[in-house]
>>> print(open('structure_15.cif').read())   # mmCIF, C-alpha atoms
data_final
#
loop_
_atom_site.group_PDB
_atom_site.id
_atom_site.type_symbol
_atom_site.label_atom_id
_atom_site.label_comp_id
_atom_site.auth_asym_id
_atom_site.auth_seq_id
_atom_site.Cartn_x
_atom_site.Cartn_y
_atom_site.Cartn_z
ATOM 1 C CA MET A 1427 0.000 0.000 0.000
ATOM 2 C CA ALA A 1428 1.345 3.414 -0.958
ATOM 3 C CA GLU A 1429 2.190 5.700 1.954
ATOM 4 C CA ILE A 1430 -0.137 8.683 2.356
ATOM 5 C CA SER A 1431 1.700 11.995 2.008
ATOM 6 C CA PRO A 1432 1.631 14.450 4.951
ATOM 7 C CA LEU A 1433 -0.290 16.974 2.846
ATOM 8 C CA LYS A 1434 -2.908 14.353 2.053
ATOM 9 C CA SER A 1435 -3.098 13.361 5.721
ATOM 10 C CA MET A 1436 -3.684 17.007 6.624
ATOM 11 C CA PHE A 1437 -6.424 17.255 3.995
ATOM 12 C CA ASP A 1438 -8.167 14.126 5.287
ATOM 13 C CA ALA A 1439 -8.017 15.384 8.877
ATOM 14 C CA LEU A 1440 -9.522 18.749 7.937
ATOM 15 C CA GLN A 1441 -12.184 17.208 5.704
ATOM 16 C CA THR A 1442 -13.458 14.977 8.508
ATOM 17 C CA ALA A 1443 -13.236 17.668 11.196
ATOM 18 C CA LYS A 1444 -16.269 19.676 12.227
ATOM 19 C CA ARG A 1445 -14.480 22.320 14.297
ATOM 20 C CA VAL A 1446 -11.026 23.712 13.459
ATOM 21 C CA LEU A 1447 -8.898 26.276 15.283
ATOM 22 C CA VAL A 1448 -6.337 28.078 13.098
ATOM 23 C CA ILE A 1449 -3.449 29.752 14.942
ATOM 24 C CA GLY A 1450 -1.412 32.523 13.344
ATOM 25 C CA ASP A 1451 2.133 33.257 14.487
ATOM 26 C CA GLY A 1452 2.486 35.466 17.557
ATOM 27 C CA LYS A 1453 4.893 37.723 15.663
ATOM 28 C CA PRO A 1454 2.688 38.473 12.676
ATOM 29 C CA ASP A 1455 4.244 39.176 9.294
ATOM 30 C CA GLY A 1456 3.069 38.747 5.728
ATOM 31 C CA ASP A 1457 3.735 35.014 5.709
ATOM 32 C CA SER A 1458 1.956 34.199 8.956
ATOM 33 C CA MET A 1459 -0.985 36.472 8.132
ATOM 34 C CA GLY A 1460 -1.189 35.182 4.576
ATOM 35 C CA SER A 1461 -0.935 31.471 5.352
ATOM 36 C CA SER A 1462 -3.415 31.557 8.231
ATOM 37 C CA THR A 1463 -6.059 33.608 6.395
ATOM 38 C CA ALA A 1464 -5.651 31.475 3.248
ATOM 39 C CA LEU A 1465 -6.261 28.210 5.120
ATOM 40 C CA TYR A 1466 -9.062 29.726 7.185
ATOM 41 C CA GLY A 1467 -10.724 31.096 4.055
ATOM 42 C CA TRP A 1468 -10.775 27.639 2.490
ATOM 43 C CA LEU A 1469 -12.149 26.070 5.683
ATOM 44 C CA LYS A 1470 -14.993 28.587 5.815
ATOM 45 C CA ARG A 1471 -15.698 27.964 2.130
ATOM 46 C CA GLU A 1472 -15.968 24.266 2.997
ATOM 47 C CA GLY A 1473 -18.578 25.089 5.640
ATOM 48 C CA LYS A 1474 -16.371 24.282 8.626
ATOM 49 C CA ASP A 1475 -16.910 25.789 12.057
ATOM 50 C CA ALA A 1476 -13.507 27.461 12.205
ATOM 51 C CA LYS A 1477 -11.921 30.220 14.268
ATOM 52 C CA LEU A 1478 -8.761 32.293 13.820
ATOM 53 C CA PHE A 1479 -6.527 33.021 16.816
ATOM 54 C CA MET A 1480 -3.466 35.208 17.155
ATOM 55 C CA ALA A 1481 -1.806 36.227 20.400
ATOM 56 C CA VAL A 1482 -1.512 39.887 19.375
ATOM 57 C CA PRO A 1483 -3.788 42.299 17.478
ATOM 58 C CA THR A 1484 -3.613 42.374 13.686
ATOM 59 C CA PRO A 1485 -1.076 44.947 12.433
ATOM 60 C CA LYS A 1486 -2.770 47.722 10.469
ATOM 61 C CA ALA A 1487 -0.665 47.017 7.386
ATOM 62 C CA PHE A 1488 -2.506 43.712 6.859
ATOM 63 C CA LEU A 1489 -6.073 44.941 7.140
ATOM 64 C CA PHE A 1490 -6.444 44.635 3.361
ATOM 65 C CA LEU A 1491 -6.441 40.837 3.658
ATOM 66 C CA ASP A 1492 -9.747 39.004 3.687
ATOM 67 C CA HIS A 1493 -10.796 37.389 6.975
ATOM 68 C CA VAL A 1494 -8.359 39.389 9.176
ATOM 69 C CA HIS A 1495 -11.323 40.803 11.079
ATOM 70 C CA ASP A 1496 -12.155 37.255 12.160
ATOM 71 C CA PHE A 1497 -8.956 37.025 14.228
ATOM 72 C CA THR A 1498 -9.484 36.847 17.977
ATOM 73 C CA THR A 1499 -6.930 37.387 20.713
ATOM 74 C CA ASP A 1500 -9.251 35.846 23.310
ATOM 75 C CA PRO A 1501 -7.392 32.944 24.961
ATOM 76 C CA SER A 1502 -10.666 31.300 25.958
ATOM 77 C CA VAL A 1503 -10.876 29.738 22.481
ATOM 78 C CA PHE A 1504 -8.348 27.192 23.755
ATOM 79 C CA ASP A 1505 -10.958 25.986 26.245
ATOM 80 C CA GLU A 1506 -13.401 25.050 23.491
ATOM 81 C CA ASP A 1507 -13.800 21.639 21.849
ATOM 82 C CA TRP A 1508 -11.734 21.335 18.652
ATOM 83 C CA ASP A 1509 -11.324 18.394 16.335
ATOM 84 C CA VAL A 1510 -8.235 19.837 14.642
ATOM 85 C CA VAL A 1511 -5.891 22.662 15.606
ATOM 86 C CA VAL A 1512 -3.518 24.075 12.970
ATOM 87 C CA SER A 1513 -0.524 26.280 13.758
ATOM 88 C CA LEU A 1514 0.971 28.187 10.836
ATOM 89 C CA ASP A 1515 4.423 29.764 10.506
ATOM 90 C CA ALA A 1516 5.439 29.293 14.155
ATOM 91 C CA SER A 1517 8.730 27.504 14.809
ATOM 92 C CA ALA A 1518 7.644 26.629 18.362
ATOM 93 C CA PRO A 1519 4.646 27.267 20.651
ATOM 94 C CA GLY A 1520 6.615 29.996 22.414
ATOM 95 C CA ALA A 1521 7.384 31.749 19.150
ATOM 96 C CA GLY A 1522 3.740 31.418 18.184
ATOM 97 C CA GLY A 1523 2.589 33.032 21.408
ATOM 98 C CA PHE A 1524 0.525 30.067 22.592
ATOM 99 C CA ALA A 1525 2.937 28.066 24.763
ATOM 100 C CA ASP A 1526 0.916 28.804 27.907
ATOM 101 C CA LEU A 1527 -2.380 28.201 26.113
ATOM 102 C CA GLN A 1528 -1.700 24.892 24.370
ATOM 103 C CA PRO A 1529 -2.050 22.837 27.592
ATOM 104 C CA ARG A 1530 -5.632 24.127 27.875
ATOM 105 C CA LEU A 1531 -6.661 22.282 24.694
ATOM 106 C CA LYS A 1532 -8.962 19.387 25.530
ATOM 107 C CA PRO A 1533 -7.890 15.778 24.937
ATOM 108 C CA GLY A 1534 -8.839 14.275 21.601
ATOM 109 C CA HIS A 1535 -7.808 17.148 19.343
ATOM 110 C CA PHE A 1536 -5.383 16.587 16.453
ATOM 111 C CA PHE A 1537 -2.618 19.211 16.252
ATOM 112 C CA ILE A 1538 -1.064 20.049 12.858
ATOM 113 C CA ASN A 1539 2.137 22.089 12.718
ATOM 114 C CA VAL A 1540 2.658 23.791 9.329
ATOM 115 C CA ASP A 1541 5.883 25.739 8.846
ATOM 116 C CA HIS A 1542 9.076 26.196 6.846
ATOM 117 C CA HIS A 1543 11.577 27.324 9.507
ATOM 118 C CA VAL A 1544 14.650 25.125 9.879
ATOM 119 C CA THR A 1545 14.503 25.712 13.658
ATOM 120 C CA ASN A 1546 10.984 24.258 13.989
ATOM 121 C CA THR A 1547 10.678 22.038 17.086
ATOM 122 C CA GLN A 1548 8.216 19.530 15.532
ATOM 123 C CA PHE A 1549 5.572 20.121 18.194
ATOM 124 C CA GLY A 1550 2.505 18.751 16.405
ATOM 125 C CA HIS A 1551 0.860 15.359 16.078
ATOM 126 C CA LEU A 1552 1.424 15.928 12.352
ATOM 127 C CA ASN A 1553 4.403 18.091 11.406
ATOM 128 C CA ILE A 1554 4.498 19.520 7.898
ATOM 129 C CA VAL A 1555 7.753 21.467 8.014
ATOM 130 C CA MET A 1556 9.147 22.072 4.528
ATOM 131 C CA THR A 1557 12.473 23.816 4.983
ATOM 132 C CA ASP A 1558 12.995 23.961 1.220
ATOM 133 C CA ALA A 1559 9.916 26.185 0.835
ATOM 134 C CA CYS A 1560 10.401 29.934 0.489
ATOM 135 C CA SER A 1561 7.517 30.608 2.885
ATOM 136 C CA THR A 1562 4.740 28.938 4.814
ATOM 137 C CA CYS A 1563 2.419 30.324 2.142
ATOM 138 C CA GLU A 1564 4.277 28.117 -0.337
ATOM 139 C CA VAL A 1565 3.591 25.123 1.941
ATOM 140 C CA VAL A 1566 -0.118 26.004 2.000
ATOM 141 C CA TYR A 1567 -0.042 26.415 -1.782
ATOM 142 C CA ARG A 1568 1.456 22.915 -2.091
ATOM 143 C CA PHE A 1569 -1.334 21.654 0.201
ATOM 144 C CA PHE A 1570 -3.981 23.167 -2.080
ATOM 145 C CA GLU A 1571 -2.212 21.955 -5.215
ATOM 146 C CA GLU A 1572 -1.814 18.348 -4.075
ATOM 147 C CA ASN A 1573 -5.414 18.090 -2.940
ATOM 148 C CA GLY A 1574 -7.034 19.790 -5.928
ATOM 149 C CA VAL A 1575 -8.312 22.801 -4.001
ATOM 150 C CA VAL A 1576 -9.444 25.700 -6.196
ATOM 151 C CA ILE A 1577 -7.629 28.921 -5.260
ATOM 152 C CA ASP A 1578 -10.029 31.861 -5.436
ATOM 153 C CA ASP A 1579 -9.053 35.541 -5.530
ATOM 154 C CA ARG A 1580 -9.172 35.978 -1.746
ATOM 155 C CA ILE A 1581 -7.042 32.929 -1.010
ATOM 156 C CA ALA A 1582 -4.701 33.972 -3.830
ATOM 157 C CA THR A 1583 -4.208 37.426 -2.279
ATOM 158 C CA SER A 1584 -3.353 35.889 1.088
ATOM 159 C CA LEU A 1585 -0.883 33.428 -0.425
ATOM 160 C CA LEU A 1586 0.788 36.017 -2.647
ATOM 161 C CA THR A 1587 1.262 38.280 0.378
ATOM 162 C CA GLY A 1588 3.417 35.694 2.144
ATOM 163 C CA LEU A 1589 5.231 34.686 -1.029
ATOM 164 C CA CYS A 1590 6.182 38.319 -1.658
ATOM 165 C CA THR A 1591 7.148 39.318 1.875
ATOM 166 C CA ASP A 1592 9.261 36.272 2.765
ATOM 167 C CA THR A 1593 11.253 36.544 -0.462
ATOM 168 C CA SER A 1594 11.497 40.367 -0.393
ATOM 169 C CA HIS A 1595 9.456 40.311 -3.590
ATOM 170 C CA PHE A 1596 11.465 37.451 -5.102
ATOM 171 C CA SER A 1597 14.846 39.082 -4.566
ATOM 172 C CA ASN A 1598 16.442 37.310 -1.575
ATOM 173 C CA ALA A 1599 18.094 33.918 -1.173
ATOM 174 C CA ALA A 1600 14.838 32.215 -0.156
ATOM 175 C CA THR A 1601 13.388 32.708 -3.656
ATOM 176 C CA ASN A 1602 12.812 29.405 -5.449
ATOM 177 C CA SER A 1603 11.090 28.082 -8.552
ATOM 178 C CA LYS A 1604 8.085 26.668 -6.657
ATOM 179 C CA GLY A 1605 7.451 29.999 -5.011
ATOM 180 C CA ILE A 1606 7.553 31.772 -8.362
ATOM 181 C CA GLU A 1607 5.200 29.128 -9.794
ATOM 182 C CA ALA A 1608 2.821 29.681 -6.879
ATOM 183 C CA ALA A 1609 2.920 33.444 -7.425
ATOM 184 C CA GLY A 1610 1.990 32.946 -11.061
ATOM 185 C CA VAL A 1611 -0.982 30.777 -10.135
ATOM 186 C CA CYS A 1612 -2.083 33.339 -7.538
ATOM 187 C CA ALA A 1613 -1.831 36.161 -10.071
ATOM 188 C CA ALA A 1614 -3.879 34.142 -12.565
ATOM 189 C CA SER A 1615 -6.432 33.458 -9.822
ATOM 190 C CA GLY A 1616 -7.067 37.152 -9.234
ATOM 191 C CA ALA A 1617 -4.676 38.028 -6.401
ATOM 192 C CA ARG A 1618 -4.787 41.740 -5.572
ATOM 193 C CA HIS A 1619 -1.110 42.472 -6.143
ATOM 194 C CA ALA A 1620 -1.779 46.213 -6.252
ATOM 195 C CA ASP A 1621 -3.046 46.051 -2.647
ATOM 196 C CA ILE A 1622 0.068 44.187 -1.535
ATOM 197 C CA LEU A 1623 2.289 46.877 -3.065
ATOM 198 C CA ARG A 1624 0.191 49.714 -1.693
ATOM 199 C CA PHE A 1625 -0.029 48.530 1.897
ATOM 200 C CA LEU A 1626 3.296 46.710 2.335
ATOM 201 C CA VAL A 1627 5.765 48.466 -0.003
ATOM 202 C CA LYS A 1628 4.538 51.954 -0.866
ATOM 203 C CA ASN A 1629 3.688 52.674 2.745
ATOM 204 C CA LYS A 1630 6.796 54.395 4.121
ATOM 205 C CA THR A 1631 6.310 57.765 5.829
ATOM 206 C CA VAL A 1632 8.904 60.545 5.677
ATOM 207 C CA SER A 1633 9.723 59.888 9.347
ATOM 208 C CA ALA A 1634 10.269 56.203 8.626
ATOM 209 C CA LEU A 1635 12.532 56.919 5.675
ATOM 210 C CA LYS A 1636 14.592 59.256 7.846
ATOM 211 C CA LEU A 1637 15.147 56.307 10.191
ATOM 212 C CA TRP A 1638 16.428 54.331 7.217
ATOM 213 C CA GLY A 1639 18.823 57.200 6.530
ATOM 214 C CA LEU A 1640 20.078 56.979 10.114
ATOM 215 C CA ALA A 1641 20.666 53.250 9.700
ATOM 216 C CA LEU A 1642 22.646 53.875 6.499
ATOM 217 C CA GLU A 1643 24.750 56.560 8.188
ATOM 218 C CA ARG A 1644 25.714 54.135 10.957
ATOM 219 C CA LEU A 1645 26.674 51.197 8.730
ATOM 220 C CA ALA A 1646 29.919 49.543 9.840
ATOM 221 C CA PHE A 1647 31.744 46.657 8.182
ATOM 222 C CA ASN A 1648 33.256 43.923 10.353
ATOM 223 C CA PRO A 1649 35.885 42.143 8.224
ATOM 224 C CA GLU A 1650 36.382 39.353 10.789
ATOM 225 C CA TYR A 1651 32.804 38.179 10.304
ATOM 226 C CA ASP A 1652 32.332 39.533 6.766
ATOM 227 C CA ALA A 1653 29.243 41.329 8.016
ATOM 228 C CA VAL A 1654 27.726 44.793 7.913
ATOM 229 C CA VAL A 1655 26.154 46.057 11.131
ATOM 230 C CA THR A 1656 23.876 48.985 11.905
ATOM 231 C CA TYR A 1657 21.703 49.872 14.862
ATOM 232 C CA PHE A 1658 18.855 51.871 16.363
ATOM 233 C CA LEU A 1659 18.987 53.212 19.907
ATOM 234 C CA ARG A 1660 15.830 53.452 21.951
ATOM 235 C CA ASP A 1661 15.845 57.254 21.743
ATOM 236 C CA ASP A 1662 15.964 57.089 17.931
ATOM 237 C CA LEU A 1663 12.525 55.507 17.808
ATOM 238 C CA ASP A 1664 10.645 57.360 20.557
ATOM 239 C CA GLY A 1665 7.743 59.304 19.147
ATOM 240 C CA VAL A 1666 8.358 58.321 15.525
ATOM 241 C CA PRO A 1667 5.126 57.203 13.786
ATOM 242 C CA GLY A 1668 5.498 53.800 12.144
ATOM 243 C CA ALA A 1669 8.902 53.195 13.722
ATOM 244 C CA ASP A 1670 8.337 49.470 14.266
ATOM 245 C CA GLU A 1671 7.438 48.851 10.633
ATOM 246 C CA ALA A 1672 10.339 50.990 9.435
ATOM 247 C CA VAL A 1673 12.908 49.099 11.489
ATOM 248 C CA GLU A 1674 11.598 45.712 10.355
ATOM 249 C CA GLY A 1675 12.186 46.644 6.723
ATOM 250 C CA VAL A 1676 15.792 47.813 7.057
ATOM 251 C CA SER A 1677 17.438 44.372 7.151
ATOM 252 C CA ASN A 1678 15.615 43.235 4.025
ATOM 253 C CA PHE A 1679 16.464 46.488 2.246
ATOM 254 C CA LEU A 1680 20.150 46.191 3.126
ATOM 255 C CA ASN A 1681 20.249 42.537 2.148
ATOM 256 C CA LEU A 1682 18.868 43.500 -1.244
ATOM 257 C CA THR A 1683 21.119 46.472 -1.893
ATOM 258 C CA CYS A 1684 24.349 46.142 0.118
ATOM 259 C CA GLY A 1685 27.164 44.499 -1.850
ATOM 260 C CA GLY A 1686 30.648 43.393 -0.815
ATOM 261 C CA THR A 1687 29.506 41.518 2.290
ATOM 262 C CA ASP A 1688 27.906 38.181 3.081
ATOM 263 C CA ALA A 1689 25.793 39.077 6.109
ATOM 264 C CA ILE A 1690 23.667 41.913 7.475
ATOM 265 C CA LEU A 1691 22.881 42.527 11.150
ATOM 266 C CA VAL A 1692 20.440 45.208 12.308
ATOM 267 C CA LEU A 1693 20.277 45.797 16.068
ATOM 268 C CA ARG A 1694 17.526 47.622 17.905
ATOM 269 C CA GLU A 1695 17.208 48.619 21.546
ATOM 270 C CA LYS A 1696 13.751 47.894 22.950
ATOM 271 C CA PRO A 1697 11.971 49.591 25.875
ATOM 272 C CA ASP A 1698 12.140 46.433 28.017
ATOM 273 C CA GLY A 1699 15.946 46.513 28.254
ATOM 274 C CA THR A 1700 16.593 44.023 25.477
ATOM 275 C CA VAL A 1701 18.278 44.242 22.098
ATOM 276 C CA LYS A 1702 16.632 42.661 19.081
ATOM 277 C CA GLY A 1703 18.859 41.461 16.264
ATOM 278 C CA SER A 1704 17.676 40.831 12.704
ATOM 279 C CA MET A 1705 20.116 38.935 10.476
ATOM 280 C CA ARG A 1706 20.271 38.200 6.768
ATOM 281 C CA SER A 1707 22.908 36.245 4.823
ATOM 282 C CA LEU A 1708 23.662 35.404 1.216
ATOM 283 C CA THR A 1709 25.481 32.087 1.743
ATOM 284 C CA ARG A 1710 25.859 31.235 5.434
ATOM 285 C CA ASP A 1711 23.398 29.371 7.671
ATOM 286 C CA ILE A 1712 22.762 31.929 10.415
ATOM 287 C CA SER A 1713 19.844 30.112 12.042
ATOM 288 C CA GLY A 1714 22.102 28.185 14.448
ATOM 289 C CA PHE A 1715 23.782 31.377 15.647
ATOM 290 C CA CYS A 1716 20.420 33.019 16.297
ATOM 291 C CA LYS A 1717 19.048 29.888 17.964
ATOM 292 C CA ALA A 1718 22.036 29.848 20.342
ATOM 293 C CA LEU A 1719 20.969 33.345 21.435
ATOM 294 C CA GLY A 1720 17.408 32.208 22.077
ATOM 295 C CA GLY A 1721 16.030 33.133 18.663
ATOM 296 C CA GLY A 1722 15.631 31.279 15.400
ATOM 297 C CA GLY A 1723 14.340 31.520 11.866
ATOM 298 C CA HIS A 1724 15.498 30.476 8.439
ATOM 299 C CA LYS A 1725 18.968 29.508 7.276
ATOM 300 C CA LYS A 1726 19.547 32.889 5.663
ATOM 301 C CA ALA A 1727 17.050 35.076 7.533
ATOM 302 C CA ALA A 1728 16.832 34.818 11.316
ATOM 303 C CA GLY A 1729 16.723 36.859 14.492
ATOM 304 C CA PHE A 1730 17.246 36.911 18.246
ATOM 305 C CA THR A 1731 16.523 38.996 21.354
ATOM 306 C CA VAL A 1732 18.941 39.309 24.287
ATOM 307 C CA LYS A 1733 19.145 41.364 27.465
ATOM 308 C CA GLY A 1734 21.458 44.351 27.202
ATOM 309 C CA LYS A 1735 22.105 47.655 25.472
ATOM 310 C CA ILE A 1736 24.017 48.838 22.416
ATOM 311 C CA GLU A 1737 27.431 50.484 22.704
ATOM 312 C CA VAL A 1738 29.803 51.649 19.972
ATOM 313 C CA LYS A 1739 33.548 51.593 20.639
ATOM 314 C CA ASP A 1740 36.313 52.219 18.130
ATOM 315 C CA GLY A 1741 33.811 51.971 15.307
ATOM 316 C CA GLN A 1742 32.563 48.547 16.390
ATOM 317 C CA VAL A 1743 28.983 47.949 17.508
ATOM 318 C CA MET A 1744 28.546 45.789 20.620
ATOM 319 C CA ILE A 1745 25.758 44.471 22.826
ATOM 320 C CA VAL A 1746 26.692 45.013 26.476
ATOM 321 C CA THR A 1747 24.929 42.872 29.055
ATOM 322 C CA GLY A 1748 24.691 43.204 32.799
#
>>> encode(input="structure_15.cif", output="structure tokens")
Amino acid sequence: MAEISPLKSMFDALQTAKRVLVIGDGKPDGDSMGSSTALYGWLKREGKDAKLFMAVPTPKAFLFLDHVHDFTTDPSVFDEDWDVVVSLDASAPGAGGFADLQPRLKPGHFFINVDHHVTNTQFGHLNIVMTDACSTCEVVYRFFEENGVVIDDRIATSLLTGLCTDTSHFSNAATNSKGIEAAGVCAASGARHADILRFLVKNKTVSALKLWGLALERLAFNPEYDAVVTYFLRDDLDGVPGADEAVEGVSNFLNLTCGGTDAILVLREKPDGTVKGSMRSLTRDISGFCKALGGGGHKKAAGFTVKGKIEVKDGQVMIVTG
């Protein structure tokens, strides 16, 4: 007897389920928002009693996506009866923001973990972790493709959002042929690409672009690690509208445009006394380095957060702890 593929097993579990809880990543980005709303949209189209949960409110930038208004942050959904629970784009329950909530799920549920991060901890009953995929939206696309699911314009917009954002619009090292194929199918299915550009690319304020200028001014090359480093101090960001979104985009921008180096590191001081690092690389696997610092991510795009503050000495940027 031929072995049933994981994507087919997931399809069978969802087809037989009456109630399904879909969990978006606790650090929402285009891929987590896109993959969770795409799967949820299909479940609702199938007539399933489904709910969308995310540990934090939906970022304003993603309000153009269908079904985002169905997200709840109410933890009491974990006390309800669910046949199947699906986590999307979270490498671990802690990263997904539901580590303290998962134990509240009642016995008898079937937990499906769908992701593409190399640091995924395989925490589901069924783990569909495709580290060769450019995004979790590509994994969901493969799920639809293998099971003959028709991709409508709303699902297509959600999928294309994650495909675009996780590949920096098909320009970074994560870009692959399957992702480009998926984007073509989404475009042909009516994906609203103009909305994706408007809300996620052409959305930078003058204040945000000035922050980018500050990051460029502070660029420093570390020849020992073949890496370029820049940083934001806490005072740089106070009172700046859209500062969070601006900072998140700097590492991708530098990875796309900065030549003569293999790696990019953007550091940011946070109000809680920690420093967040966002790394990008052209050839090296940086996920292990970030995981050792308590973070994680992809082989060539990862991050971490550590206690400390940023100091600059003799032109070198350091994180000082204690």
>>> residues_around(input="structure_15.cif", residues="Phe1570 (chain A)", least_positions_apart="5", cutoff="12 Å", atoms="only C-alpha atoms", output="VMD selection string")
chain A and resid 1433 to 1434 1436 to 1437 1461 1464 to 1465 1468 to 1469 1563 to 1565 1575 to 1578 1581 to 1582 1585 1608 1611 to 1612
>>> resolve_selection(input="structure_15.cif", expression="the PyMOL selection byres ((chain A and resi 1486) around 12)", output="ChimeraX atom specification")
/A:1454-1456,1459,1482-1485,1487-1491,1494-1495,1625-1626,1629,1668,1670-1671
>>> resolve_selection(input="structure_15.cif", expression="the PyMOL selection byres ((chain A and resi 1551) around 10)", output="MDAnalysis selection string")
chainID A and resid 1511 1535:1539 1548:1550 1552:1554
>>> axis_aligned_box(input="structure_15.cif", around="region 1530-1546 of chain A", padding_each_side="5 Å", output="AutoDock Vina command-line options")
--center_x 2.8 --center_y 20.8 --center_z 17.4 --size_x 33.6 --size_y 23.0 --size_z 31.0
>>> resolve_selection(input="structure_15.cif", expression="the PyMOL selection byres ((chain A and resi 1720-1731) around 8)", output="VMD selection string")
chain A and resid 1517 1542 to 1545 1599 to 1600 1700 to 1714 1716 to 1719 1732 to 1733
>>> atom_distance(input="structure_15.cif", atom1="CA of Asn1602 (chain A)", atom2="CA of Thr1562 (chain A)")
13.1 Å
>>> residues_around(input="structure_15.cif", residues="Pro1501 (chain A)", least_positions_apart="6", cutoff="9 Å", atoms="all atoms listed in the file", output="list in words")
Phe1479, Ala1481, Phe1524 and Leu1527 of chain A
>>> build_atoms(input="structure_15.cif", residues="region 1613-1619 of chain A", atoms="all heavy atoms", output="PDB file, in the frame of the given file")
ATOM      1  N   ALA A1613      -1.529  35.025  -9.198  1.00  0.00           N
ATOM      2  CA  ALA A1613      -1.831  36.161 -10.071  1.00  0.00           C
ATOM      3  C   ALA A1613      -2.942  35.803 -11.051  1.00  0.00           C
ATOM      4  O   ALA A1613      -3.875  36.592 -11.287  1.00  0.00           O
ATOM      5  CB  ALA A1613      -0.579  36.593 -10.813  1.00  0.00           C
ATOM      6  N   ALA A1614      -2.858  34.600 -11.614  1.00  0.00           N
ATOM      7  CA  ALA A1614      -3.879  34.142 -12.565  1.00  0.00           C
ATOM      8  C   ALA A1614      -5.228  33.918 -11.887  1.00  0.00           C
ATOM      9  O   ALA A1614      -6.268  33.952 -12.547  1.00  0.00           O
ATOM     10  CB  ALA A1614      -3.423  32.860 -13.245  1.00  0.00           C
ATOM     11  N   SER A1615      -5.196  33.706 -10.572  1.00  0.00           N
ATOM     12  CA  SER A1615      -6.432  33.458  -9.822  1.00  0.00           C
ATOM     13  C   SER A1615      -7.055  34.735  -9.289  1.00  0.00           C
ATOM     14  O   SER A1615      -8.047  34.677  -8.554  1.00  0.00           O
ATOM     15  CB  SER A1615      -6.150  32.490  -8.659  1.00  0.00           C
ATOM     16  OG  SER A1615      -5.650  31.252  -9.139  1.00  0.00           O
ATOM     17  N   GLY A1616      -6.467  35.869  -9.618  1.00  0.00           N
ATOM     18  CA  GLY A1616      -7.067  37.152  -9.234  1.00  0.00           C
ATOM     19  C   GLY A1616      -6.495  37.800  -7.999  1.00  0.00           C
ATOM     20  O   GLY A1616      -7.146  38.674  -7.404  1.00  0.00           O
ATOM     21  N   ALA A1617      -5.287  37.415  -7.575  1.00  0.00           N
ATOM     22  CA  ALA A1617      -4.676  38.028  -6.401  1.00  0.00           C
ATOM     23  C   ALA A1617      -4.552  39.541  -6.589  1.00  0.00           C
ATOM     24  O   ALA A1617      -4.204  40.028  -7.664  1.00  0.00           O
ATOM     25  CB  ALA A1617      -3.291  37.428  -6.141  1.00  0.00           C
ATOM     26  N   ARG A1618      -4.835  40.283  -5.518  1.00  0.00           N
ATOM     27  CA  ARG A1618      -4.787  41.740  -5.572  1.00  0.00           C
ATOM     28  C   ARG A1618      -3.363  42.234  -5.307  1.00  0.00           C
ATOM     29  O   ARG A1618      -3.053  42.771  -4.228  1.00  0.00           O
ATOM     30  CB  ARG A1618      -5.777  42.333  -4.571  1.00  0.00           C
ATOM     31  CG  ARG A1618      -7.215  41.861  -4.783  1.00  0.00           C
ATOM     32  CD  ARG A1618      -8.199  42.626  -3.911  1.00  0.00           C
ATOM     33  NE  ARG A1618      -7.865  42.566  -2.490  1.00  0.00           N
ATOM     34  CZ  ARG A1618      -8.213  41.572  -1.684  1.00  0.00           C
ATOM     35  NH1 ARG A1618      -8.881  40.520  -2.145  1.00  0.00           N
ATOM     36  NH2 ARG A1618      -7.885  41.616  -0.403  1.00  0.00           N
ATOM     37  N   HIS A1619      -2.511  42.091  -6.295  1.00  0.00           N
ATOM     38  CA  HIS A1619      -1.110  42.472  -6.143  1.00  0.00           C
ATOM     39  C   HIS A1619      -0.970  43.961  -5.878  1.00  0.00           C
ATOM     40  O   HIS A1619      -0.064  44.393  -5.141  1.00  0.00           O
ATOM     41  CB  HIS A1619      -0.319  42.074  -7.390  1.00  0.00           C
ATOM     42  CG  HIS A1619       1.150  42.275  -7.249  1.00  0.00           C
ATOM     43  ND1 HIS A1619       1.913  42.946  -8.174  1.00  0.00           N
ATOM     44  CD2 HIS A1619       2.006  41.904  -6.260  1.00  0.00           C
ATOM     45  CE1 HIS A1619       3.170  42.977  -7.778  1.00  0.00           C
ATOM     46  NE2 HIS A1619       3.255  42.353  -6.615  1.00  0.00           N
TER      47      HIS A1619
END
